[in-house]
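Visitor: Here you go, one structure.
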Amino acid sequence: MIKYIFRRLLLLPLVVLGVTFLLFFLTQRLSPEMRASLYIKDPRQMGSLEEVIEKYGLRDNLFKQYGRWLGSAVSGDLGYSQSANMPVAQAIKEYLPATVQLAIVTIVLVVFFGVWFGVVSAVKKDKWQDHLARFISVGGFSLPIFVLGLLLLMLFYGKLGWFPPGGYSLSTDVAIHLPNFHHYTGFLLIDSLLNGNIRIFIDVLRHLFLPALTLCIGSFALMVRVMRSSMLEELNKDYVRTARAKGLPEHAVIYRHAGKNAIIPVITLAGIQFIRLLGGTVIVETIFDYPGIGRFGVTAAQQLDIAGIMGFSLMVAVLFVLGNLFSDILYTAVDPRIKLND
Amino acid sequence: MTACSNAILKIENLQVSVANAAQTPVVRGLSYTLEKGKVLAVVGESGCGKSLHALSILRILPPGVQITGGHIIYGEKDILQLPAEELRQLRGHKIAMVFQDPMTSLNPIRTIGKQLTETILAHQKCSKLRAQARAIRLLKKVGIPDARKRMKEYPFQFSGGQRQRIMIAMALCLNPDILIADEPTTALDVTIQAQILELIKKLQMQRDMSAVFITHNLAIVSNVADEVLVLYGGYCMEKARCSELFAHPLHPYTKGLLGSLLSLSGEKPQRLPAIEGYPPAPGTPEKGCPFAPRCPQAMEKCFAQLPPLSEQAGHQVRCWLQEKNA
Ligand SMILES: Nc1ncnc2c1ncn2[C@@H]1O[C@H](COP(=O)(O)OP(=O)(O)O)[C@@H](O)[C@H]1O
Ligand code: SF4
Ligand SMILES: [Mg+2]
């Protein structure tokens, strides 16, 4: 197991190199002049374009430039993000926790409701509960996420005013930047509790609701479908018949025996969905003006903030590998037949 | 035959059908009485309805197969009429079952310790520790060495024979009145078959337990059974005391089975080479004796009319040849 984790971590640099090099290569499609002009704030400085190119070595060959970026990245310097007006490393530190928080809340909801609906759907196959669960999940699946997001925004914010967009209210923004608010973890949901401030906790939760719900409905359908078919398959297996034959109560047969086996493919799916959420909250964060890493990535791309784009992709690559590793480890916890040592 | 005062399980006119448009029958009017402490062997080629009849007793038929008639009387109550909770209390507690394939019959991701103790705890109020101690004792009894340690292991860490031993321990952990064993050795290596068979027989005798022993292999029947019931196409064809059946088989099908036994000792025939042809597919429209297409002695009447099951001195047989003699 330890060996397996170690070997997977050795893979990490390879993936990161691959992804970042590809992106770097793409940014080099812009001419040195174009890239140099990104550094220039004032049109009157135009004359110094050549100076900038010279200073940052923008005409050097691809590998030399990439090597320079990599060298400073390894030493912890990801450059300065023009779009966020702060060093890239600081931007990631500031925006990533909000996204991770959103992704965790979403995936927990997706797994909980997906498994629940899937089990009910399978156990009540072809009864009204099954039809209802499938109708709800297919409905959510067929709506594009931006349409769904806008609909929910119109309903819950525009019409009812229950759940606001954005990351937190102004008062929270002020409160969390006061010196007596300690940022223990970077996750506001946890930090607010650790600081004993329930008001901030509730405020953050309310702002989380709409983006989480939108993402949830998008991922939920697949989860229900996978859980339902996995459950149907398990319910037909011999060991379920054994469990009934030995006189276990029906709920034990369904949850303790069939359910636990059926959840194994769900874990893989949840791992994949979680990673996708981390890199793919872009649309939702934009619609709801949620201050996460996705919104940072979009802004960086729109403004051709190369350092920002590189930092964003580096982070997504790292998360991708770690997320996969995590779901593998979770897998072994559920299925004793899988050993991660070969 | 002594009167039914000793009967522990009574099946009356059991009908099982596949729930399709035609309601294809797969068990047709099966009746028998299982006596206390006795072993009844149910014999027949694969597909003749042995398993479905057994699953009917615990009402654990697969979806799509239904009991469409009859009674199964245990302890003065009809199992087929029991409410869900009473049925649950019966399963595994009074009537237990061992299945054909030990590789798939245990939950792959649950330790065998848990699978054993949960069975005990489902029926008896006792501490987890006591249930575990009992499970360990049982594992030792069925011949699993190092039982205490192996309680924490998963099914894939055991061999096929060991898994079947565990299934037997699980079936016996509440001292059931009746054990139903559905081809418990078919999936195992030949050398292990004999050991498992011996184990079942030993435990059955020690506990004075009644058993329904299902097999397609007549060769092993003489060692275990007190009585034999021959099933064909869902019908009971012949039923007699074991010694009587081997000495004086009356039905041409039984004779065929015994003949193939002589010609093929040691092998385990899935189908019976000594009898030409195949058993009927369920749903084959038929009026007469289901064995008629394969029967060397078939007469015109056999194709037209189903022979009744008649009894003489405890020996039942369903064949027109025997009707003439009577
Ligand atoms: N789940 C099922 N659905 C439909 N038909 C079935 C099912 N299980 C068994 N059958 C049919 O019922 C007949 C009897 O099956 P079974 O009792 O399993 O035979 P066996 O004597 O080999 O145990 C077979 O011909 C089989 O085709
Ligand atoms: S009834 Fe006729 S066909 Fe059937 S077994 Fe007897 S002789 Fe053969
Ligand atoms: Mg069978």
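In the structure tokens, each chain is lettered A, B, ... as it comes, each chain's residues begin at 1, and ligands are numbered from 1 in order of appearance.
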Contacts from chain A to chain B, 9 Å maximum, only C-alpha atoms: show me the residue list as JSON, numbers by chain.

Guide: {"A": [236, 237, 238, 239, 240, 241, 242, 243, 244, 245, 246, 247, 248, 249, 250, 257, 258, 260, 261, 334, 335, 336, 337]}

Visitor: Please produce a file of the residues just selected, as a compact mmCIF listing (two decimals), in the first residue's frame, where the atoms kept are N, CA and C atoms.

Guide:
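Result file result_1.txt:
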```txt
# COMPACT_ATOMS: atom_id res chain seq x y z
N ASN A 236 -29.26 -9.52 -7.47
CA ASN A 236 -29.47 -10.81 -8.13
C ASN A 236 -28.43 -11.84 -7.77
N LYS A 237 -27.45 -11.45 -6.96
CA LYS A 237 -26.34 -12.36 -6.73
C LYS A 237 -26.66 -13.38 -5.64
N ASP A 238 -25.89 -14.44 -5.67
CA ASP A 238 -26.13 -15.56 -4.76
C ASP A 238 -26.02 -15.17 -3.29
N TYR A 239 -25.06 -14.30 -2.97
CA TYR A 239 -24.86 -14.02 -1.55
C TYR A 239 -26.04 -13.27 -0.95
N VAL A 240 -26.79 -12.56 -1.80
CA VAL A 240 -27.99 -11.87 -1.31
C VAL A 240 -29.06 -12.91 -0.96
N ARG A 241 -29.14 -13.93 -1.81
CA ARG A 241 -30.06 -15.03 -1.52
C ARG A 241 -29.66 -15.71 -0.20
N THR A 242 -28.34 -15.90 -0.01
CA THR A 242 -27.88 -16.48 1.25
C THR A 242 -28.29 -15.61 2.44
N ALA A 243 -28.09 -14.30 2.28
CA ALA A 243 -28.43 -13.39 3.38
C ALA A 243 -29.91 -13.50 3.74
N ARG A 244 -30.76 -13.62 2.73
CA ARG A 244 -32.20 -13.79 3.00
C ARG A 244 -32.45 -15.15 3.64
N ALA A 245 -31.77 -16.18 3.10
CA ALA A 245 -32.02 -17.54 3.57
C ALA A 245 -31.64 -17.71 5.03
N LYS A 246 -30.70 -16.90 5.52
CA LYS A 246 -30.33 -17.08 6.92
C LYS A 246 -31.17 -16.22 7.84
N GLY A 247 -32.15 -15.55 7.27
CA GLY A 247 -33.13 -14.88 8.11
C GLY A 247 -32.76 -13.48 8.54
N LEU A 248 -31.89 -12.81 7.77
CA LEU A 248 -31.61 -11.42 8.09
C LEU A 248 -32.82 -10.57 7.74
N PRO A 249 -33.05 -9.50 8.50
CA PRO A 249 -34.13 -8.59 8.14
C PRO A 249 -33.84 -7.94 6.78
N GLU A 250 -34.90 -7.58 6.08
CA GLU A 250 -34.75 -7.09 4.71
C GLU A 250 -33.82 -5.87 4.62
N HIS A 257 -25.63 -5.84 2.95
CA HIS A 257 -25.04 -6.78 2.00
C HIS A 257 -25.01 -6.22 0.57
N ALA A 258 -26.17 -6.11 -0.07
CA ALA A 258 -26.17 -5.66 -1.47
C ALA A 258 -25.62 -4.25 -1.59
N LYS A 260 -23.55 -2.38 0.20
CA LYS A 260 -22.12 -2.15 0.36
C LYS A 260 -21.34 -2.64 -0.86
N ASN A 261 -21.80 -3.72 -1.46
CA ASN A 261 -21.14 -4.19 -2.68
C ASN A 261 -21.43 -3.26 -3.85
N VAL A 334 -13.01 -0.22 1.06
CA VAL A 334 -14.32 -0.86 0.92
C VAL A 334 -14.19 -2.30 0.44
N ASP A 335 -13.26 -2.53 -0.46
CA ASP A 335 -13.17 -3.85 -1.06
C ASP A 335 -11.88 -4.57 -0.65
N PRO A 336 -11.99 -5.54 0.25
CA PRO A 336 -10.79 -6.20 0.77
C PRO A 336 -10.04 -6.99 -0.29
N ARG A 337 -10.72 -7.30 -1.42
CA ARG A 337 -10.05 -8.10 -2.43
C ARG A 337 -9.01 -7.30 -3.19
```

Visitor: Within 9 Å of stretch 206-223 of chain B, counting only C-alpha atoms, which residues qualify if same-chain residues fewer than 6 places away don't, as a PyMOL selection string?

Guide: chain B and resi 8+34-46+50-51+54+175-186+194+197-198+242-243+246+257-258+261+265-266+268-271

Visitor: For atom CA of A:Phe135 and atom CA of A:Ala221, quote the distance in Å rounded to one decimal.

Guide: 9.4 Å

Visitor: One number please: atom CA of B:Pro293 to atom 21 (O, counted along the ligand's line) of ligand 1, in Å, one decimal.

Guide: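 Between atom CA of B:Pro293 and atom 21 (O, counted along the ligand's line) of ligand 1 the gap works out to 19.1 Å.
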
Visitor: Measure the distance from atom CA of B:Ala187 to atom CA of B:Gln162 in Å and round it to one decimal.

Guide: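 If I compute the distance from atom CA of B:Ala187 to atom CA of B:Gln162, I get 12.3 Å.
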
Visitor: Within 8 Å of ligand 2, which residues show up when you count only C-alpha atoms and all ligand atoms? List them as a PDB file with all heavy atoms, in the first residue's frame, please.

Guide:
```pdb
ATOM      1  N   HIS B 251     -39.625 -47.279 -12.170  1.00  0.00           N
ATOM      2  CA  HIS B 251     -39.812 -46.354 -13.286  1.00  0.00           C
ATOM      3  C   HIS B 251     -38.687 -46.500 -14.312  1.00  0.00           C
ATOM      4  O   HIS B 251     -37.517 -46.602 -13.925  1.00  0.00           O
ATOM      5  CB  HIS B 251     -39.841 -44.921 -12.746  1.00  0.00           C
ATOM      6  CG  HIS B 251     -40.464 -43.949 -13.683  1.00  0.00           C
ATOM      7  ND1 HIS B 251     -39.796 -43.426 -14.761  1.00  0.00           N
ATOM      8  CD2 HIS B 251     -41.709 -43.432 -13.710  1.00  0.00           C
ATOM      9  CE1 HIS B 251     -40.598 -42.600 -15.401  1.00  0.00           C
ATOM     10  NE2 HIS B 251     -41.773 -42.587 -14.790  1.00  0.00           N
ATOM     11  N   PRO B 252     -39.022 -46.486 -15.596  1.00  0.00           N
ATOM     12  CA  PRO B 252     -37.969 -46.602 -16.620  1.00  0.00           C
ATOM     13  C   PRO B 252     -36.900 -45.517 -16.492  1.00  0.00           C
ATOM     14  O   PRO B 252     -35.722 -45.769 -16.761  1.00  0.00           O
ATOM     15  CB  PRO B 252     -38.738 -46.437 -17.934  1.00  0.00           C
ATOM     16  CG  PRO B 252     -40.135 -46.831 -17.611  1.00  0.00           C
ATOM     17  CD  PRO B 252     -40.366 -46.478 -16.179  1.00  0.00           C
ATOM     18  N   TYR B 253     -37.308 -44.318 -16.050  1.00  0.00           N
ATOM     19  CA  TYR B 253     -36.331 -43.237 -15.882  1.00  0.00           C
ATOM     20  C   TYR B 253     -35.353 -43.568 -14.759  1.00  0.00           C
ATOM     21  O   TYR B 253     -34.138 -43.414 -14.910  1.00  0.00           O
ATOM     22  CB  TYR B 253     -37.065 -41.921 -15.590  1.00  0.00           C
ATOM     23  CG  TYR B 253     -36.142 -40.740 -15.367  1.00  0.00           C
ATOM     24  CD1 TYR B 253     -35.240 -40.341 -16.347  1.00  0.00           C
ATOM     25  CD2 TYR B 253     -36.167 -40.022 -14.167  1.00  0.00           C
ATOM     26  CE1 TYR B 253     -34.395 -39.265 -16.150  1.00  0.00           C
ATOM     27  CE2 TYR B 253     -35.325 -38.945 -13.960  1.00  0.00           C
ATOM     28  CZ  TYR B 253     -34.443 -38.574 -14.954  1.00  0.00           C
ATOM     29  OH  TYR B 253     -33.609 -37.517 -14.750  1.00  0.00           O
ATOM     30  N   GLY B 288     -48.986 -36.063 -22.365  1.00  0.00           N
ATOM     31  CA  GLY B 288     -48.746 -37.366 -21.743  1.00  0.00           C
ATOM     32  C   GLY B 288     -47.653 -37.368 -20.717  1.00  0.00           C
ATOM     33  O   GLY B 288     -47.383 -36.369 -20.053  1.00  0.00           O
ATOM     34  N   CYS B 289     -46.987 -38.498 -20.599  1.00  0.00           N
ATOM     35  CA  CYS B 289     -45.874 -38.652 -19.679  1.00  0.00           C
ATOM     36  C   CYS B 289     -44.697 -37.820 -20.187  1.00  0.00           C
ATOM     37  O   CYS B 289     -44.306 -37.940 -21.347  1.00  0.00           O
ATOM     38  CB  CYS B 289     -45.488 -40.132 -19.625  1.00  0.00           C
ATOM     39  SG  CYS B 289     -43.947 -40.426 -18.742  1.00  0.00           S
ATOM     40  N   PRO B 290     -44.104 -36.970 -19.352  1.00  0.00           N
ATOM     41  CA  PRO B 290     -43.013 -36.114 -19.838  1.00  0.00           C
ATOM     42  C   PRO B 290     -41.798 -36.914 -20.298  1.00  0.00           C
ATOM     43  O   PRO B 290     -40.989 -36.423 -21.086  1.00  0.00           O
ATOM     44  CB  PRO B 290     -42.686 -35.239 -18.623  1.00  0.00           C
ATOM     45  CG  PRO B 290     -43.220 -35.973 -17.449  1.00  0.00           C
ATOM     46  CD  PRO B 290     -44.421 -36.733 -17.939  1.00  0.00           C
ATOM     47  N   PHE B 291     -41.684 -38.147 -19.829  1.00  0.00           N
ATOM     48  CA  PHE B 291     -40.514 -38.954 -20.178  1.00  0.00           C
ATOM     49  C   PHE B 291     -40.721 -39.714 -21.491  1.00  0.00           C
ATOM     50  O   PHE B 291     -39.766 -40.253 -22.063  1.00  0.00           O
ATOM     51  CB  PHE B 291     -40.217 -39.932 -19.031  1.00  0.00           C
ATOM     52  CG  PHE B 291     -38.916 -40.669 -19.186  1.00  0.00           C
ATOM     53  CD1 PHE B 291     -37.726 -39.981 -19.378  1.00  0.00           C
ATOM     54  CD2 PHE B 291     -38.872 -42.061 -19.146  1.00  0.00           C
ATOM     55  CE1 PHE B 291     -36.522 -40.658 -19.518  1.00  0.00           C
ATOM     56  CE2 PHE B 291     -37.672 -42.738 -19.289  1.00  0.00           C
ATOM     57  CZ  PHE B 291     -36.491 -42.033 -19.473  1.00  0.00           C
ATOM     58  N   ALA B 292     -41.959 -39.702 -21.979  1.00  0.00           N
ATOM     59  CA  ALA B 292     -42.302 -40.521 -23.146  1.00  0.00           C
ATOM     60  C   ALA B 292     -41.341 -40.382 -24.331  1.00  0.00           C
ATOM     61  O   ALA B 292     -40.926 -41.393 -24.909  1.00  0.00           O
ATOM     62  CB  ALA B 292     -43.737 -40.237 -23.568  1.00  0.00           C
ATOM     63  N   PRO B 293     -40.924 -39.144 -24.713  1.00  0.00           N
ATOM     64  CA  PRO B 293     -40.046 -39.035 -25.882  1.00  0.00           C
ATOM     65  C   PRO B 293     -38.716 -39.774 -25.723  1.00  0.00           C
ATOM     66  O   PRO B 293     -38.068 -40.103 -26.714  1.00  0.00           O
ATOM     67  CB  PRO B 293     -39.798 -37.528 -26.010  1.00  0.00           C
ATOM     68  CG  PRO B 293     -40.919 -36.884 -25.275  1.00  0.00           C
ATOM     69  CD  PRO B 293     -41.307 -37.824 -24.183  1.00  0.00           C
ATOM     70  N   ARG B 294     -38.303 -40.033 -24.496  1.00  0.00           N
ATOM     71  CA  ARG B 294     -37.019 -40.702 -24.283  1.00  0.00           C
ATOM     72  C   ARG B 294     -37.194 -42.141 -23.773  1.00  0.00           C
ATOM     73  O   ARG B 294     -36.197 -42.843 -23.597  1.00  0.00           O
ATOM     74  CB  ARG B 294     -36.182 -39.928 -23.258  1.00  0.00           C
ATOM     75  CG  ARG B 294     -35.825 -38.527 -23.676  1.00  0.00           C
ATOM     76  CD  ARG B 294     -35.294 -37.739 -22.494  1.00  0.00           C
ATOM     77  NE  ARG B 294     -33.902 -38.071 -22.182  1.00  0.00           N
ATOM     78  CZ  ARG B 294     -33.287 -37.644 -21.083  1.00  0.00           C
ATOM     79  NH1 ARG B 294     -33.935 -36.925 -20.197  1.00  0.00           N
ATOM     80  NH2 ARG B 294     -32.034 -37.964 -20.872  1.00  0.00           N
ATOM     81  N   CYS B 295     -38.420 -42.519 -23.492  1.00  0.00           N
ATOM     82  CA  CYS B 295     -38.640 -43.785 -22.801  1.00  0.00           C
ATOM     83  C   CYS B 295     -38.568 -44.970 -23.764  1.00  0.00           C
ATOM     84  O   CYS B 295     -39.250 -44.989 -24.787  1.00  0.00           O
ATOM     85  CB  CYS B 295     -39.993 -43.773 -22.111  1.00  0.00           C
ATOM     86  SG  CYS B 295     -40.332 -45.289 -21.203  1.00  0.00           S
ATOM     87  N   PRO B 296     -37.734 -45.956 -23.466  1.00  0.00           N
ATOM     88  CA  PRO B 296     -37.631 -47.120 -24.343  1.00  0.00           C
ATOM     89  C   PRO B 296     -38.904 -47.968 -24.346  1.00  0.00           C
ATOM     90  O   PRO B 296     -39.126 -48.729 -25.281  1.00  0.00           O
ATOM     91  CB  PRO B 296     -36.448 -47.907 -23.764  1.00  0.00           C
ATOM     92  CG  PRO B 296     -36.282 -47.424 -22.371  1.00  0.00           C
ATOM     93  CD  PRO B 296     -36.795 -46.028 -22.326  1.00  0.00           C
ATOM     94  N   GLN B 297     -39.725 -47.805 -23.328  1.00  0.00           N
ATOM     95  CA  GLN B 297     -40.917 -48.646 -23.235  1.00  0.00           C
ATOM     96  C   GLN B 297     -42.207 -47.881 -23.507  1.00  0.00           C
ATOM     97  O   GLN B 297     -43.287 -48.339 -23.152  1.00  0.00           O
ATOM     98  CB  GLN B 297     -40.995 -49.284 -21.840  1.00  0.00           C
ATOM     99  CG  GLN B 297     -39.994 -50.409 -21.649  1.00  0.00           C
ATOM    100  CD  GLN B 297     -39.694 -50.629 -20.194  1.00  0.00           C
ATOM    101  OE1 GLN B 297     -38.918 -49.884 -19.597  1.00  0.00           O
ATOM    102  NE2 GLN B 297     -40.299 -51.640 -19.615  1.00  0.00           N
ATOM    103  N   ALA B 298     -42.083 -46.692 -24.083  1.00  0.00           N
ATOM    104  CA  ALA B 298     -43.260 -45.841 -24.259  1.00  0.00           C
ATOM    105  C   ALA B 298     -44.304 -46.512 -25.143  1.00  0.00           C
ATOM    106  O   ALA B 298     -43.978 -47.182 -26.125  1.00  0.00           O
ATOM    107  CB  ALA B 298     -42.845 -44.507 -24.860  1.00  0.00           C
ATOM    108  N   MET B 299     -45.576 -46.315 -24.738  1.00  0.00           N
ATOM    109  CA  MET B 299     -46.685 -46.858 -25.529  1.00  0.00           C
ATOM    110  C   MET B 299     -47.503 -45.688 -26.042  1.00  0.00           C
ATOM    111  O   MET B 299     -47.248 -44.530 -25.696  1.00  0.00           O
ATOM    112  CB  MET B 299     -47.557 -47.742 -24.638  1.00  0.00           C
ATOM    113  CG  MET B 299     -46.774 -48.806 -23.893  1.00  0.00           C
ATOM    114  SD  MET B 299     -47.673 -49.445 -22.481  1.00  0.00           S
ATOM    115  CE  MET B 299     -47.616 -48.107 -21.338  1.00  0.00           C
ATOM    116  N   LYS B 301     -50.450 -44.779 -25.309  1.00  0.00           N
ATOM    117  CA  LYS B 301     -51.154 -44.122 -24.211  1.00  0.00           C
ATOM    118  C   LYS B 301     -50.266 -43.093 -23.503  1.00  0.00           C
ATOM    119  O   LYS B 301     -50.722 -42.049 -23.034  1.00  0.00           O
ATOM    120  CB  LYS B 301     -51.591 -45.192 -23.208  1.00  0.00           C
ATOM    121  CG  LYS B 301     -52.464 -44.670 -22.097  1.00  0.00           C
ATOM    122  CD  LYS B 301     -52.897 -45.829 -21.213  1.00  0.00           C
ATOM    123  CE  LYS B 301     -53.973 -45.399 -20.250  1.00  0.00           C
ATOM    124  NZ  LYS B 301     -54.369 -46.505 -19.380  1.00  0.00           N
ATOM    125  N   CYS B 302     -48.970 -43.434 -23.457  1.00  0.00           N
ATOM    126  CA  CYS B 302     -48.022 -42.583 -22.737  1.00  0.00           C
ATOM    127  C   CYS B 302     -47.978 -41.173 -23.316  1.00  0.00           C
ATOM    128  O   CYS B 302     -47.751 -40.203 -22.600  1.00  0.00           O
ATOM    129  CB  CYS B 302     -46.621 -43.178 -22.786  1.00  0.00           C
ATOM    130  SG  CYS B 302     -46.537 -44.846 -22.128  1.00  0.00           S
ATOM    131  N   PHE B 303     -48.201 -41.051 -24.634  1.00  0.00           N
ATOM    132  CA  PHE B 303     -48.133 -39.742 -25.270  1.00  0.00           C
ATOM    133  C   PHE B 303     -49.432 -38.969 -25.112  1.00  0.00           C
ATOM    134  O   PHE B 303     -49.482 -37.768 -25.358  1.00  0.00           O
ATOM    135  CB  PHE B 303     -47.797 -39.891 -26.756  1.00  0.00           C
ATOM    136  CG  PHE B 303     -46.386 -40.343 -26.988  1.00  0.00           C
ATOM    137  CD1 PHE B 303     -46.082 -41.683 -27.120  1.00  0.00           C
ATOM    138  CD2 PHE B 303     -45.353 -39.416 -27.040  1.00  0.00           C
ATOM    139  CE1 PHE B 303     -44.778 -42.102 -27.311  1.00  0.00           C
ATOM    140  CE2 PHE B 303     -44.044 -39.824 -27.237  1.00  0.00           C
ATOM    141  CZ  PHE B 303     -43.746 -41.177 -27.375  1.00  0.00           C
ATOM    142  N   LEU B 306     -51.194 -38.264 -18.993  1.00  0.00           N
ATOM    143  CA  LEU B 306     -50.209 -38.304 -17.914  1.00  0.00           C
ATOM    144  C   LEU B 306     -50.543 -39.438 -16.954  1.00  0.00           C
ATOM    145  O   LEU B 306     -51.659 -39.525 -16.467  1.00  0.00           O
ATOM    146  CB  LEU B 306     -50.225 -36.971 -17.154  1.00  0.00           C
ATOM    147  CG  LEU B 306     -49.304 -36.864 -15.945  1.00  0.00           C
ATOM    148  CD1 LEU B 306     -47.855 -36.725 -16.373  1.00  0.00           C
ATOM    149  CD2 LEU B 306     -49.725 -35.707 -15.056  1.00  0.00           C
ATOM    150  N   PRO B 307     -49.594 -40.324 -16.677  1.00  0.00           N
ATOM    151  CA  PRO B 307     -49.892 -41.384 -15.717  1.00  0.00           C
ATOM    152  C   PRO B 307     -50.039 -40.807 -14.312  1.00  0.00           C
ATOM    153  O   PRO B 307     -49.345 -39.852 -13.967  1.00  0.00           O
ATOM    154  CB  PRO B 307     -48.672 -42.312 -15.809  1.00  0.00           C
ATOM    155  CG  PRO B 307     -47.584 -41.483 -16.400  1.00  0.00           C
ATOM    156  CD  PRO B 307     -48.227 -40.434 -17.228  1.00  0.00           C
ATOM    157  N   ARG B 318     -44.922 -43.129 -11.015  1.00  0.00           N
ATOM    158  CA  ARG B 318     -45.811 -42.513 -11.991  1.00  0.00           C
ATOM    159  C   ARG B 318     -45.469 -43.094 -13.364  1.00  0.00           C
ATOM    160  O   ARG B 318     -44.582 -42.599 -14.051  1.00  0.00           O
ATOM    161  CB  ARG B 318     -45.601 -40.993 -11.996  1.00  0.00           C
ATOM    162  CG  ARG B 318     -46.599 -40.214 -12.839  1.00  0.00           C
ATOM    163  CD  ARG B 318     -46.143 -38.775 -13.000  1.00  0.00           C
ATOM    164  NE  ARG B 318     -46.232 -37.980 -11.768  1.00  0.00           N
ATOM    165  CZ  ARG B 318     -47.351 -37.415 -11.330  1.00  0.00           C
ATOM    166  NH1 ARG B 318     -48.480 -37.557 -12.008  1.00  0.00           N
ATOM    167  NH2 ARG B 318     -47.345 -36.709 -10.232  1.00  0.00           N
ATOM    168  N   CYS B 319     -46.140 -44.200 -13.734  1.00  0.00           N
ATOM    169  CA  CYS B 319     -45.841 -44.843 -15.010  1.00  0.00           C
ATOM    170  C   CYS B 319     -46.999 -45.758 -15.390  1.00  0.00           C
ATOM    171  O   CYS B 319     -47.537 -46.476 -14.547  1.00  0.00           O
ATOM    172  CB  CYS B 319     -44.554 -45.656 -14.885  1.00  0.00           C
ATOM    173  SG  CYS B 319     -44.161 -46.583 -16.377  1.00  0.00           S
ATOM    174  N   TRP B 320     -47.360 -45.729 -16.664  1.00  0.00           N
ATOM    175  CA  TRP B 320     -48.488 -46.556 -17.110  1.00  0.00           C
ATOM    176  C   TRP B 320     -48.181 -48.043 -16.985  1.00  0.00           C
ATOM    177  O   TRP B 320     -49.082 -48.838 -16.767  1.00  0.00           O
ATOM    178  CB  TRP B 320     -48.873 -46.226 -18.554  1.00  0.00           C
ATOM    179  CG  TRP B 320     -49.622 -44.925 -18.669  1.00  0.00           C
ATOM    180  CD1 TRP B 320     -49.277 -43.848 -19.399  1.00  0.00           C
ATOM    181  CD2 TRP B 320     -50.858 -44.592 -18.033  1.00  0.00           C
ATOM    182  NE1 TRP B 320     -50.181 -42.832 -19.267  1.00  0.00           N
ATOM    183  CE2 TRP B 320     -51.170 -43.265 -18.423  1.00  0.00           C
ATOM    184  CE3 TRP B 320     -51.723 -45.259 -17.145  1.00  0.00           C
ATOM    185  CZ2 TRP B 320     -52.310 -42.603 -17.985  1.00  0.00           C
ATOM    186  CZ3 TRP B 320     -52.860 -44.592 -16.713  1.00  0.00           C
ATOM    187  CH2 TRP B 320     -53.144 -43.286 -17.128  1.00  0.00           C
ATOM    188  N   LEU B 321     -46.911 -48.391 -17.098  1.00  0.00           N
ATOM    189  CA  LEU B 321     -46.559 -49.809 -16.972  1.00  0.00           C
ATOM    190  C   LEU B 321     -46.996 -50.353 -15.619  1.00  0.00           C
ATOM    191  O   LEU B 321     -47.494 -51.459 -15.499  1.00  0.00           O
ATOM    192  CB  LEU B 321     -45.040 -49.991 -17.123  1.00  0.00           C
ATOM    193  CG  LEU B 321     -44.460 -49.715 -18.507  1.00  0.00           C
ATOM    194  CD1 LEU B 321     -42.945 -49.759 -18.445  1.00  0.00           C
ATOM    195  CD2 LEU B 321     -45.004 -50.701 -19.512  1.00  0.00           C
ATOM    196  N   GLN B 322     -46.788 -49.552 -14.594  1.00  0.00           N
ATOM    197  CA  GLN B 322     -47.135 -49.996 -13.249  1.00  0.00           C
ATOM    198  C   GLN B 322     -48.638 -50.007 -13.032  1.00  0.00           C
ATOM    199  O   GLN B 322     -49.156 -50.801 -12.252  1.00  0.00           O
ATOM    200  CB  GLN B 322     -46.452 -49.111 -12.210  1.00  0.00           C
ATOM    201  CG  GLN B 322     -44.948 -49.085 -12.326  1.00  0.00           C
ATOM    202  CD  GLN B 322     -44.346 -50.487 -12.286  1.00  0.00           C
ATOM    203  OE1 GLN B 322     -44.773 -51.335 -11.495  1.00  0.00           O
ATOM    204  NE2 GLN B 322     -43.383 -50.745 -13.152  1.00  0.00           N
TER     205      GLN B 322
END
```

Visitor: Please return, as a ChimeraX atom specification, all residues of stretch 130-318 of chain B that DSSP assigns to strand (DSSP E or B) on the basis of the backbone.

Guide: /B:178-182,210-215,227-232,235-241,310-312,315-317

Visitor: If we count only C-alpha atoms, what is near stretch 172-181 of chain A at a cut-off of 10 Å, once residues fewer than 3 positions away on the same chain are taken out, given as a list in words?

Guide: Gly167, Tyr168, Ser169, Tyr184, Leu188, Asp191, Ser192, Leu194, Asn195, Gly196, Asn197, Arg199, Ile200, Phe201, Asp203 and Val204 of chain A

Visitor: Could the residues in this selection be written to a file with C-alpha atoms, as a compact mmCIF listing (two decimals), in the first residue's frame?

Guide:
```txt
# COMPACT_ATOMS: atom_id res chain seq x y z
CA GLY A 167 -19.00 33.92 -1.87
CA TYR A 168 -20.18 35.77 1.24
CA SER A 169 -21.83 39.03 2.25
CA TYR A 184 -6.78 28.07 10.61
CA LEU A 188 -14.40 29.43 5.79
CA ASP A 191 -12.67 28.52 10.26
CA SER A 192 -15.91 30.27 11.15
CA LEU A 194 -13.29 27.39 15.01
CA ASN A 195 -13.62 31.10 15.59
CA GLY A 196 -16.97 30.44 17.19
CA ASN A 197 -18.76 32.65 14.71
CA ARG A 199 -23.20 33.99 11.73
CA ILE A 200 -20.33 33.71 9.29
CA PHE A 201 -20.85 29.96 9.03
CA ASP A 203 -23.68 33.22 5.69
CA VAL A 204 -21.08 31.11 3.88
```

Visitor: Contacts of stretch 303-316 of chain A at 8 Å or less, counting only C-alpha atoms, minus same-chain residues fewer than 2 places along, as a ChimeraX atom specification?

Guide: /A:16,19-20,23-24,27,38,78-83,88-89,92,278-279,293,296-297,299-301,318-320
